[in-house]
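K.L.:
Pasting in a structure now, in structure tokens, and then I'll have a few things to ask.
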Amino acid sequence: MNKRTTISLAIILLVLIIDQSVKFWVKTHMNYGDLIPIIPGSSHAYIHFVENPGMAFGMELGGIWGKILLTLLRIIFILALGGGLHFLIKDKAPIPFIVAVSLILAGALGNIIDSIFYGVLFSASPYHGGVAQFLPPEGGYAPLLRGKVVDMFYFPLIRTTLPEWVPFLGGSPLSFSAPSSMWLTPLFP
């Protein structure tokens with residue numbers, strides 16, 4: 001196994017272990033919507049438990065078949081990305097580029113694990129108090145391929161109040177983070 005392959009596999013494995021461990025802890029120890037500063041006293045980095053039923057910004061394809069199609073498209077994307085990474089390694093692409101693609105692939109793999117298995121493995125995360133249960137006796141909240149992705153990192157880039165002249169939303173607080181299922185929210189920690 002060459003150096004690039006070793007680096008890539010190590011990154012993917014390490015990120016997947018960390019990702020799934022943190023998601024497991026979040027699902028079984030945090031209430032839906034809870035917010036914990038990553039750095040005590042900081043207002044710029046949080047673990048914030050939300051679940052995303054679809055893709056970026058919470059967009060969905062709609063219905064049962066839309067969710068299954070989205071999961072299958074994710075699998076196809078991961079296979080294509082994995083094939084592309086294989087060719088990058090084979091063509092001796094620069095190591096920083098291999099690292100970047102490996103990180104993207106690891107993140108995508110983590111999300112597909114959520115989409116495929118979390119519905120079967122966990123009870124639903126209650127919106128008002130309580131945490132999800134791992135392997136509940138009554139079964140999970142959704143069948144295979146229809147789980148929700150745990151979104152847990154929140155880095156507010158902009159926190160302000162919209163000007164009064166903005167139609168419909170004037171005077172409302174705005175908190176913008178990089179693409180996630182929660183981009184416009186009255187959240188001001």
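Each chain in the structure tokens gets a letter, A, B and so on, in the order shown; residues start at 1 in every chain, and ligands are counted from 1 in the order they appear.
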Each residue of segment 3-38 of chain A with at least one atom at most 12 Å from segment 79-99 of chain A should appear once, together with its nearest atom pair and the corresponding distance in Å (one decimal); atoms considered: only C-alpha atoms; ordering: chain, then increasing residue number; output as a tab-separated table.

P.N.:
residue	atom	partner	partner_atom	distance
A:Lys3	CA	A:Ile95	CA	9.1
A:Arg4	CA	A:Ile89	CA	5.9
A:Thr5	CA	A:Ile89	CA	6.5
A:Thr6	CA	A:Ile89	CA	10.1
A:Ile7	CA	A:Val99	CA	7.4
A:Ser8	CA	A:Val99	CA	6.3
A:Leu9	CA	A:Val99	CA	9.7
A:Ala10	CA	A:Val99	CA	9.9
A:Ile11	CA	A:Val99	CA	7.3
A:Ile12	CA	A:Val99	CA	9.1
A:Val15	CA	A:Val99	CA	11.4

K.L.:
Using only C-alpha atoms, which residue out of A:Leu105, A:Leu14, A:Ile36, A:Leu162 lies closest to Ile75 of chain A?

P.N.:
A:Leu105

K.L.:
Nearest residue to Ile76 of chain A out of A:Ala108, A:Pro126, A:Leu144, A:Phe153, using only C-alpha atoms?

P.N.:
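Counting only C-alpha atoms, the residue closest to Ile76 of chain A is A:Ala108.
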
K.L.:
Show which residues sit within 12 Å of Ala142 of chain A, as a PyMOL selection string. Count only C-alpha atoms, and ignore same-chain residues fewer than 5 positions away.

P.N.:
chain A and resi 53+64+67-68+114-125+147-148

K.L.:
Just the number, please: distance in Å from atom CA of Tyr154 of chain A to atom CA of Tyr46 of chain A, one decimal.

P.N.:
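Atom-to-atom, atom CA of Tyr154 of chain A to atom CA of Tyr46 of chain A, that is 5.1 Å.
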
K.L.:
In segment 29-151 of chain A, what's strand (DSSP E) per DSSP? Answer as a ChimeraX atom specification?

P.N.:
/A:35-37,46-52,149-151

K.L.:
Figure out the distance between atom CA of Pro37 of chain A and atom CA of Leu135 of chain A, please, to one decimal in Å.

P.N.:
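Taking atom CA of Leu135 of chain A as the start and atom CA of Pro37 of chain A as the end point, the length is 28.5 Å.
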
K.L.:
Quick one: pick out all alpha helix (DSSP H) residues within chain A from a backbone DSSP run and write them as an NGL selection string.

P.N.:
:A and (3-29 or 63-90 or 95-113 or 119-121)

K.L.:
Atom CA of Thr160 of chain A and atom CA of Gly129 of chain A are how many Å apart?

P.N.:
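The value is 28.3 Å.
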